[in-house]
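K.L.:
The file below is upload_19.cif, mmCIF, C-alpha atoms:
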data_run
#
loop_
_atom_site.label_atom_id
_atom_site.label_comp_id
_atom_site.auth_asym_id
_atom_site.auth_seq_id
_atom_site.Cartn_x
_atom_site.Cartn_y
_atom_site.Cartn_z
CA MET A 1 143.63 110.76 107.48
CA PRO A 2 146.01 113.72 107.71
CA ARG A 3 145.69 116.11 110.60
CA SER A 4 144.09 119.53 110.18
CA ILE A 5 146.26 122.61 110.00
CA SER A 6 146.33 124.37 113.37
CA THR A 7 143.64 126.87 114.22
CA ASP A 8 146.35 129.38 115.11
CA LEU A 9 147.80 129.36 111.58
CA ARG A 10 144.33 129.56 110.06
CA ASP A 11 143.49 132.56 112.25
CA ARG A 12 146.74 134.32 111.27
CA VAL A 13 145.99 133.83 107.56
CA VAL A 14 142.44 135.17 108.00
CA ALA A 15 143.75 138.13 110.04
CA ALA A 16 146.28 138.97 107.32
CA VAL A 17 143.54 138.96 104.69
CA ASP A 18 141.32 141.10 106.93
CA ALA A 19 144.24 143.53 107.36
CA GLY A 20 144.38 144.10 103.60
CA ALA A 21 146.56 141.36 102.10
CA SER A 22 145.21 139.30 99.24
CA ARG A 23 144.52 135.66 99.90
CA ARG A 24 147.45 134.65 97.71
CA GLN A 25 149.81 137.07 99.51
CA ALA A 26 148.69 135.74 102.89
CA ALA A 27 149.17 132.16 101.68
CA ASP A 28 152.72 132.91 100.46
CA ARG A 29 153.57 134.72 103.69
CA PHE A 30 152.51 131.80 105.90
CA GLY A 31 153.59 128.98 103.59
CA VAL A 32 150.20 127.47 102.80
CA SER A 33 148.41 126.96 99.50
CA ALA A 34 146.31 129.74 98.03
CA ALA A 35 143.33 127.38 97.89
CA SER A 36 143.59 126.78 101.65
CA ALA A 37 143.72 130.50 102.31
CA VAL A 38 140.61 131.03 100.17
CA ARG A 39 138.73 128.24 101.98
CA TRP A 40 139.75 129.44 105.44
CA VAL A 41 138.71 133.04 104.77
CA ALA A 42 135.37 131.87 103.35
CA LEU A 43 134.88 129.59 106.37
CA ALA A 44 135.69 132.45 108.76
CA HIS A 45 133.16 134.73 107.06
CA ARG A 46 130.51 131.98 107.01
CA GLN A 47 130.82 130.63 110.57
CA GLY A 48 132.74 133.34 112.39
CA ASP A 49 136.08 131.52 112.70
CA ALA A 50 138.28 129.20 110.65
CA ARG A 51 138.13 126.17 112.95
CA PRO A 52 138.43 122.87 111.09
CA LYS A 53 135.43 120.61 110.86
CA LYS A 54 135.33 117.35 112.77
CA GLN A 55 137.11 114.55 110.89
CA GLY A 56 136.15 110.93 110.53
CA GLY A 57 133.29 109.12 112.11
CA ASP A 58 130.08 107.76 110.70
CA ARG A 59 128.14 110.32 108.72
CA ARG A 60 125.62 108.02 107.03
CA SER A 61 124.10 105.73 109.66
CA ARG A 62 121.54 108.35 110.68
CA ARG A 63 119.68 107.64 107.42
CA ILE A 64 118.91 104.08 108.51
CA GLU A 65 118.57 105.07 112.19
CA ASP A 66 115.63 107.29 111.18
CA HIS A 67 113.77 104.08 110.26
CA GLY A 68 114.89 102.10 113.32
CA GLU A 69 111.42 101.49 114.73
CA LEU A 70 110.24 100.18 111.36
CA LEU A 71 113.20 97.79 111.14
CA LEU A 72 112.71 96.50 114.66
CA GLY A 73 108.97 96.14 114.03
CA LEU A 74 109.63 94.07 110.89
CA VAL A 75 111.82 91.69 112.87
CA ARG A 76 109.28 91.48 115.68
CA GLU A 77 106.55 90.53 113.18
CA THR A 78 108.68 87.98 111.31
CA PRO A 79 111.61 86.88 113.48
CA ASP A 80 113.18 84.57 110.88
CA MET A 81 113.38 87.26 108.20
CA THR A 82 116.65 87.46 106.27
CA LEU A 83 118.51 90.71 105.72
CA ALA A 84 117.66 90.55 102.01
CA GLU A 85 113.97 90.23 102.89
CA VAL A 86 114.26 93.23 105.22
CA ARG A 87 115.84 95.16 102.36
CA VAL A 88 112.93 94.25 100.05
CA GLU A 89 110.41 95.37 102.70
CA LEU A 90 112.22 98.69 103.02
CA ALA A 91 112.31 99.11 99.23
CA GLU A 92 108.54 98.57 99.09
CA ARG A 93 108.24 101.52 101.48
CA GLY A 94 110.56 103.66 99.33
CA ILE A 95 113.62 103.31 101.56
CA SER A 96 116.86 102.37 99.83
CA ALA A 97 119.47 100.57 101.95
CA ALA A 98 122.20 98.03 101.35
CA VAL A 99 122.16 94.71 103.16
CA SER A 100 125.42 95.68 104.89
CA THR A 101 123.83 98.89 106.19
CA ILE A 102 120.91 96.93 107.61
CA TRP A 103 123.30 94.43 109.18
CA ARG A 104 125.30 97.24 110.86
CA PHE A 105 122.04 98.72 112.23
CA PHE A 106 121.06 95.41 113.83
CA ASP A 107 124.63 94.95 115.10
CA ARG A 108 124.50 98.36 116.80
CA CYS A 109 121.19 97.35 118.40
CA GLY A 110 122.79 94.14 119.67
CA LEU A 111 120.60 91.92 117.48
CA THR A 112 121.82 89.23 115.16
CA LEU A 113 119.58 87.55 112.66
CA LYS A 114 120.45 83.89 112.83
CA LYS A 115 119.09 81.13 110.74
CA ASP A 116 119.06 77.56 111.99
CA GLY A 117 122.57 76.62 113.07
CA ALA A 118 122.18 72.97 112.08
CA ARG A 119 122.83 72.90 108.36
CA LEU A 120 122.76 69.94 106.07
CA ARG A 121 126.40 69.58 105.19
CA ALA A 122 127.94 67.79 102.27
CA GLY A 123 128.81 64.18 102.84
CA ALA A 124 130.84 61.75 100.79
CA ALA A 125 129.33 61.19 97.34
CA ARG A 126 128.99 57.39 97.64
CA CYS A 127 128.01 57.16 101.27
CA PRO A 128 124.44 57.77 102.41
CA GLU A 129 125.77 58.80 105.81
CA ALA A 130 127.58 62.08 106.30
CA ALA A 131 131.31 61.98 106.90
CA ARG A 132 132.10 61.42 110.57
CA GLY A 133 134.18 64.52 111.04
CA LEU A 134 131.77 66.92 109.36
CA VAL A 135 128.44 66.36 111.09
CA ARG A 136 128.14 64.91 114.54
CA SER A 137 124.97 66.48 115.84
CA PRO A 138 122.93 69.57 115.17
CA ALA A 139 124.08 72.78 116.83
CA ARG A 140 120.70 73.03 118.53
CA SER A 141 117.41 71.27 118.47
CA ARG A 142 115.43 71.81 115.27
CA SER A 143 112.19 71.97 117.28
CA GLY A 144 113.02 75.49 118.54
CA GLN A 145 111.98 78.62 116.73
CA ALA A 146 114.62 80.28 114.53
CA GLY A 147 114.81 84.01 114.87
CA VAL A 148 116.44 86.91 116.61
CA HIS A 149 118.97 85.94 119.26
#
For the structure just supplied, provide its representation as structure tokens.
P.N.:
Amino acid sequence: MPRSISTDLRDRVVAAVDAGASRRQAADRFGVSAASAVRWVALAHRQGDARPKKQGGDRRSRRIEDHGELLLGLVRETPDMTLAEVRVELAERGISAAVSTIWRFFDRCGLTLKKDGARLRAGAARCPEAARGLVRSPARSRSGQAGVH
């Protein structure tokens, strides 16, 4: 992302306009675009100065953070719930969220939704036993409860 134009230059353009120059004249004088001069003067009149706004960062996670207790409650009730199932539960309550947004929320909370680590893997087509190199033993005992780790 490009850097913002300095506050000093913005203030000089606004001061020139306040002193009587048109926005286009002030822009030509200081070597900036007329559109920038118009925006800076409007910003100075609206907020009192022409400081640039903060750049970058996450501007959308607050929408899902507002429903954080609901999300954590859903996982507490049903620990082996998939992200798609969480999304459906949210949709039933009128909350629209992508699976990736839900995943990032749980990641920020330090939770990961894990299914059983021991998967049935493909073996050789003609052998009833799995290939030796693919499956040696389950990642963990299947008797344990799958859920939030």
K.L.:
Rank nothing, just name the residue among A:Leu74, A:Asp58, A:Val17, A:Lys53 nearest to Val38 (chain A), using only C-alpha atoms.
P.N.:
A:Val17
K.L.:
Under the rule that only C-alpha atoms are counted, which of A:Leu90, A:Cys109, A:Ile5, A:Val99 is the nearest residue to Val32 (chain A)?
P.N.:
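Residue with the minimum atom-to-atom distance to Val32 (chain A): A:Ile5.
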K.L.:
Hey, what comes out of the PyMOL selection byres ((chain A and resi 9) around 12) on this file? Could you write it as a PyMOL selection string?
P.N.:
chain A and resi 4-8+10-16+26-27+29-32+36-37+40-41+49-52
K.L.:
Determine the axis-aligned bounding box of all atoms of region 1-8 of chain A present in the file, pad each side by 5 Å, and express its centre and edge lengths in Å to one decimal place as lines of an AutoDock Vina configuration file.
P.N.:
center_x = 145.0
center_y = 120.1
center_z = 111.3
size_x = 12.7
size_y = 28.6
size_z = 17.6
K.L.:
Given all atoms listed in the file as the basis, pick out the residue of A:Val75, A:Arg93, A:Ala35, A:Glu85 nearest to Thr112 (chain A).
P.N.:
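Smallest distance to Thr112 (chain A) is found for A:Val75.
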K.L.:
So that I can see what lies close to Gly94 (chain A), please list as a VMD selection string the residues with an atom at most 12 Å from it, counting all atoms listed in the file and leaving out residues fewer than 6 positions away in the same chain.
P.N.:
chain A and resid 67 87 to 88
K.L.:
Find the distance between CA of Asp18 (chain A) and CA of Arg3 (chain A) and write it in Å to one decimal.
P.N.:
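These two atoms are separated by 25.6 Å.
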K.L.:
When you draw a straight line from CA of Gly48 (chain A) to CA of Asp28 (chain A), how long is it in Å?
P.N.:
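For CA of Gly48 (chain A) relative to CA of Asp28 (chain A), the distance reads 23.3 Å.
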K.L.:
Quick one, how far is CA of Arg76 (chain A) from CA of Ala91 (chain A)?
P.N.:
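A separation of 18.4 Å between them.
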K.L.:
With distances taken over only C-alpha atoms, which residue among A:Ala19, A:Ala98, A:Gly110, A:Pro2 lies nearest Arg60 (chain A)?
P.N.:
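Checking each of A:Ala19, A:Ala98, A:Gly110, A:Pro2 against Arg60 (chain A), counting only C-alpha atoms, the winner is A:Ala98.
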